[in-house]
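Student: Please find one structure pasted underneath; my questions will follow.
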Amino acid sequence: MASPVGHLLLALSCTGFRERSAKPWPALVWVVIVTACWAPDFDFLPGILIGEPNRYHHGVSHSLAGALLFSSAIALSFRKLTDNRVSLGRIAFLAYTSHLLGDWLTIDTRAPIGIPIFWPLNDSYFISPLLIFQDIRHGTDGAGLAGFLIEVFSIANLSAIGRELVITLAVLVAVETARRRIGRGH
């Protein structure tokens with residue numbers, strides 16, 4: 001899995017976070033992007049509550065069905081607050097699926113390897129043949145919360161985050177440069 005830093009930068013690259021339709025609600029759009037790009041990893045929370053942080057990780061929240069449910073909930077939740085609910089739903093979907101893309105492109109050393117992207121239609125786990133991100137360590141099974149926290153804040157994870165920053169910042173700069181050039185051409 002990629003880190004929260006990598007997930008956020010991928011989400012910013014994928015969402016078009018500066019699009020015109022979002023101008024009236026910039027704070028809300030930022031909250032939607034940040035929440036959506038980290039939402040698949042909220043599956044750590046029930047495991048943390050029972051003392052086994054990894055127990056539910058990389059489950060159904062890491063699927064397109066999870067992305068559709070989350071983005072639909074965002075669109076419906078804000079339908080009376082703003083006229084751009086379709087846009088917010090689309091932004092939420094793009095940010096959520098950017099998380100799936102990041103995890104798909106990340107070395108995974110924990111069984112089952114990959115993510116269940118097509119759940120519930122297919123229970124198989126998928127991983128990219130081209131892995132560009134290092135694994136973010138978050139404890140071994142049975143290590144409990146202490147083992148989870150020790151690995152989360154490890155030097156190995158700091159190194160992985162550094163690599164993610166180089167790659168995802170380059171992607172973000174390239175996307176923004178292309179977006180500006182396209183904007184000038186119209």
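We label chains A, B, ... in the order they appear in the structure tokens, count residues from 1 in each chain, and number ligands from 1 in the order shown.
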Residues at most 12 Å from Ile33 of chain A, counting only C-alpha atoms, excluding those fewer than 2 positions away in the same chain, as a short mmCIF file (atom, residue, chain, number, x, y, z; two decimals) with C-alpha atoms, in the first residue's frame?
Tutor:
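Ended up saving to out24.cif:
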data_model
loop_
_atom_site.label_atom_id
_atom_site.label_comp_id
_atom_site.auth_asym_id
_atom_site.auth_seq_id
_atom_site.Cartn_x
_atom_site.Cartn_y
_atom_site.Cartn_z
CA HIS A 7 -2.40 8.83 -1.84
CA LEU A 8 -3.06 12.56 -1.41
CA LEU A 9 -0.67 13.61 -4.19
CA LEU A 10 -2.15 10.99 -6.54
CA ALA A 11 -5.63 12.25 -5.69
CA LEU A 12 -4.65 15.83 -6.47
CA SER A 13 -3.26 14.66 -9.81
CA CYS A 14 -6.44 12.75 -10.67
CA THR A 15 -9.18 15.09 -9.48
CA GLY A 16 -8.54 18.35 -11.25
CA PHE A 17 -8.70 19.94 -7.80
CA ARG A 18 -8.57 23.45 -9.25
CA ALA A 22 -15.52 23.85 -7.45
CA PRO A 26 -13.04 25.28 -2.09
CA ALA A 27 -12.90 24.13 1.56
CA LEU A 28 -15.57 21.50 0.94
CA VAL A 29 -13.80 20.24 -2.17
CA TRP A 30 -10.52 19.91 -0.23
CA VAL A 31 -12.28 18.00 2.56
CA THR A 35 -11.35 12.18 2.94
CA ALA A 36 -11.97 10.23 -0.26
CA CYS A 37 -8.32 9.51 -0.99
CA TRP A 38 -7.82 8.12 2.52
CA ALA A 39 -11.24 6.47 2.93
CA PHE A 70 -18.50 6.39 -1.07
CA SER A 71 -18.88 8.83 -3.97
CA ILE A 74 -20.89 12.26 -0.92
CA SER A 87 -19.10 17.37 -9.43
CA LEU A 88 -18.47 16.56 -5.75
CA GLY A 89 -19.51 12.96 -6.37
CA ARG A 90 -17.16 12.78 -9.36
CA ILE A 91 -14.32 14.35 -7.40
CA ALA A 92 -14.91 11.87 -4.56
CA PHE A 93 -14.92 8.96 -7.03
CA LEU A 94 -11.68 10.10 -8.67
CA ALA A 95 -9.94 10.67 -5.33
CA TYR A 96 -11.11 7.31 -3.99
CA THR A 97 -10.08 5.40 -7.11
CA SER A 98 -6.70 7.17 -7.10
CA HIS A 99 -6.14 5.37 -3.79
#
Student: Would you please give, as a PDB file with C-alpha atoms, in the first residue's frame, all residues of segment 60-164 of chain A that DSSP assigns to alpha helix (DSSP H) based on the backbone?
Tutor:
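Output contents, as saved in out-v3.pdb:
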ATOM      1  CA  LEU A  64     -14.678  -0.103  -7.236  1.00  0.00           C
ATOM      2  CA  ALA A  65     -17.881  -0.940  -5.352  1.00  0.00           C
ATOM      3  CA  GLY A  66     -16.429   0.867  -2.332  1.00  0.00           C
ATOM      4  CA  ALA A  67     -15.596   3.844  -4.550  1.00  0.00           C
ATOM      5  CA  LEU A  68     -19.126   3.928  -5.975  1.00  0.00           C
ATOM      6  CA  LEU A  69     -20.737   3.692  -2.529  1.00  0.00           C
ATOM      7  CA  PHE A  70     -18.504   6.390  -1.066  1.00  0.00           C
ATOM      8  CA  SER A  71     -18.879   8.831  -3.972  1.00  0.00           C
ATOM      9  CA  SER A  72     -22.659   8.270  -4.091  1.00  0.00           C
ATOM     10  CA  ALA A  73     -22.859   9.026  -0.377  1.00  0.00           C
ATOM     11  CA  ILE A  74     -20.892  12.259  -0.921  1.00  0.00           C
ATOM     12  CA  ALA A  75     -23.119  13.312  -3.835  1.00  0.00           C
ATOM     13  CA  LEU A  76     -26.290  12.590  -1.856  1.00  0.00           C
ATOM     14  CA  SER A  77     -25.014  14.147   1.375  1.00  0.00           C
ATOM     15  CA  ARG A  85     -23.256  17.586  -6.123  1.00  0.00           C
ATOM     16  CA  VAL A  86     -22.496  15.707  -9.349  1.00  0.00           C
ATOM     17  CA  SER A  87     -19.102  17.370  -9.426  1.00  0.00           C
ATOM     18  CA  LEU A  88     -18.473  16.558  -5.749  1.00  0.00           C
ATOM     19  CA  GLY A  89     -19.506  12.955  -6.371  1.00  0.00           C
ATOM     20  CA  ARG A  90     -17.156  12.777  -9.363  1.00  0.00           C
ATOM     21  CA  ILE A  91     -14.322  14.345  -7.401  1.00  0.00           C
ATOM     22  CA  ALA A  92     -14.911  11.870  -4.563  1.00  0.00           C
ATOM     23  CA  PHE A  93     -14.915   8.958  -7.026  1.00  0.00           C
ATOM     24  CA  LEU A  94     -11.680  10.104  -8.674  1.00  0.00           C
ATOM     25  CA  ALA A  95      -9.936  10.672  -5.331  1.00  0.00           C
ATOM     26  CA  TYR A  96     -11.110   7.309  -3.986  1.00  0.00           C
ATOM     27  CA  THR A  97     -10.078   5.401  -7.105  1.00  0.00           C
ATOM     28  CA  SER A  98      -6.699   7.170  -7.099  1.00  0.00           C
ATOM     29  CA  HIS A  99      -6.135   5.372  -3.790  1.00  0.00           C
ATOM     30  CA  LEU A 100      -6.941   2.066  -5.478  1.00  0.00           C
ATOM     31  CA  LEU A 101      -4.510   2.929  -8.292  1.00  0.00           C
ATOM     32  CA  GLY A 102      -1.779   3.756  -5.775  1.00  0.00           C
ATOM     33  CA  ASP A 103      -2.255   0.473  -3.912  1.00  0.00           C
ATOM     34  CA  TRP A 104      -2.403  -1.473  -7.195  1.00  0.00           C
ATOM     35  CA  GLY A 144      -1.002  -5.637  17.934  1.00  0.00           C
ATOM     36  CA  LEU A 145      -1.224  -1.874  18.058  1.00  0.00           C
ATOM     37  CA  ALA A 146       2.338  -1.404  19.359  1.00  0.00           C
ATOM     38  CA  GLY A 147       3.844  -3.420  16.497  1.00  0.00           C
ATOM     39  CA  PHE A 148       1.627  -1.528  14.049  1.00  0.00           C
ATOM     40  CA  LEU A 149       2.795   1.877  15.304  1.00  0.00           C
ATOM     41  CA  ILE A 150       6.482   0.883  15.456  1.00  0.00           C
ATOM     42  CA  GLU A 151       6.441  -0.111  11.781  1.00  0.00           C
ATOM     43  CA  VAL A 152       4.276   2.807  10.635  1.00  0.00           C
ATOM     44  CA  ILE A 155      12.883   4.445   8.715  1.00  0.00           C
ATOM     45  CA  ALA A 156      11.811   1.976   5.988  1.00  0.00           C
ATOM     46  CA  ASN A 157       8.481   3.793   5.662  1.00  0.00           C
ATOM     47  CA  LEU A 158      10.219   7.167   5.619  1.00  0.00           C
ATOM     48  CA  SER A 159      12.323   5.942   2.695  1.00  0.00           C
ATOM     49  CA  ALA A 160       9.207   4.666   0.893  1.00  0.00           C
ATOM     50  CA  ILE A 161       7.475   8.019   1.422  1.00  0.00           C
ATOM     51  CA  GLY A 162      10.519   9.830   0.000  1.00  0.00           C
ATOM     52  CA  ARG A 163      10.295   7.723  -3.167  1.00  0.00           C
ATOM     53  CA  GLU A 164       6.548   8.380  -3.380  1.00  0.00           C
TER      54      GLU A 164
END
Student: Under the rule that only C-alpha atoms are counted, which of A:Ile107, A:Val34, A:Ala174, A:Ile182 is the nearest residue to Asp135 of chain A?
Tutor: A:Ile107
Student: Go through A:Leu130, A:Val60, A:Leu169, A:Ile113 and flag the residue nearest Pro40 of chain A, using only C-alpha atoms for the distances.
Tutor: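 Nearest to Pro40 of chain A: A:Val60.
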Student: Between atom CA of Ile132 of chain A and atom CA of Arg180 of chain A, what is the distance in Å, rounded to a tenth?
Tutor: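 Between these atoms lies a distance of 26.7 Å.
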Student: Residues within 12 Å of Gly51 of chain A, please, as an mmCIF file with C-alpha atoms, in the first residue's frame. Count only C-alpha atoms; anything in the same chain fewer than 2 positions from it doesn't count.
Tutor:
data_model
loop_
_atom_site.group_PDB
_atom_site.id
_atom_site.type_symbol
_atom_site.label_atom_id
_atom_site.label_comp_id
_atom_site.auth_asym_id
_atom_site.auth_seq_id
_atom_site.Cartn_x
_atom_site.Cartn_y
_atom_site.Cartn_z
ATOM 1 C CA PHE A 44 -7.764 -0.109 9.718
ATOM 2 C CA LEU A 45 -10.136 1.405 12.316
ATOM 3 C CA PRO A 46 -12.178 -1.698 13.246
ATOM 4 C CA GLY A 47 -8.940 -3.689 13.489
ATOM 5 C CA ILE A 48 -7.391 -1.049 15.754
ATOM 6 C CA LEU A 49 -10.461 -1.213 17.997
ATOM 7 C CA PRO A 53 -4.916 -3.233 13.078
ATOM 8 C CA ASN A 54 -4.338 -5.264 9.890
ATOM 9 C CA ARG A 55 -7.281 -7.636 10.297
ATOM 10 C CA TYR A 56 -9.640 -5.929 7.807
ATOM 11 C CA GLY A 139 3.113 -4.423 11.469
ATOM 12 C CA ASP A 141 -0.318 -10.118 11.859
ATOM 13 C CA GLY A 142 -0.734 -10.529 15.588
ATOM 14 C CA ALA A 143 1.768 -7.746 16.427
ATOM 15 C CA GLY A 144 -1.002 -5.637 17.934
ATOM 16 C CA LEU A 145 -1.224 -1.874 18.058
ATOM 17 C CA ALA A 146 2.338 -1.404 19.359
ATOM 18 C CA GLY A 147 3.844 -3.420 16.497
ATOM 19 C CA PHE A 148 1.627 -1.528 14.049
ATOM 20 C CA LEU A 149 2.795 1.877 15.304
#
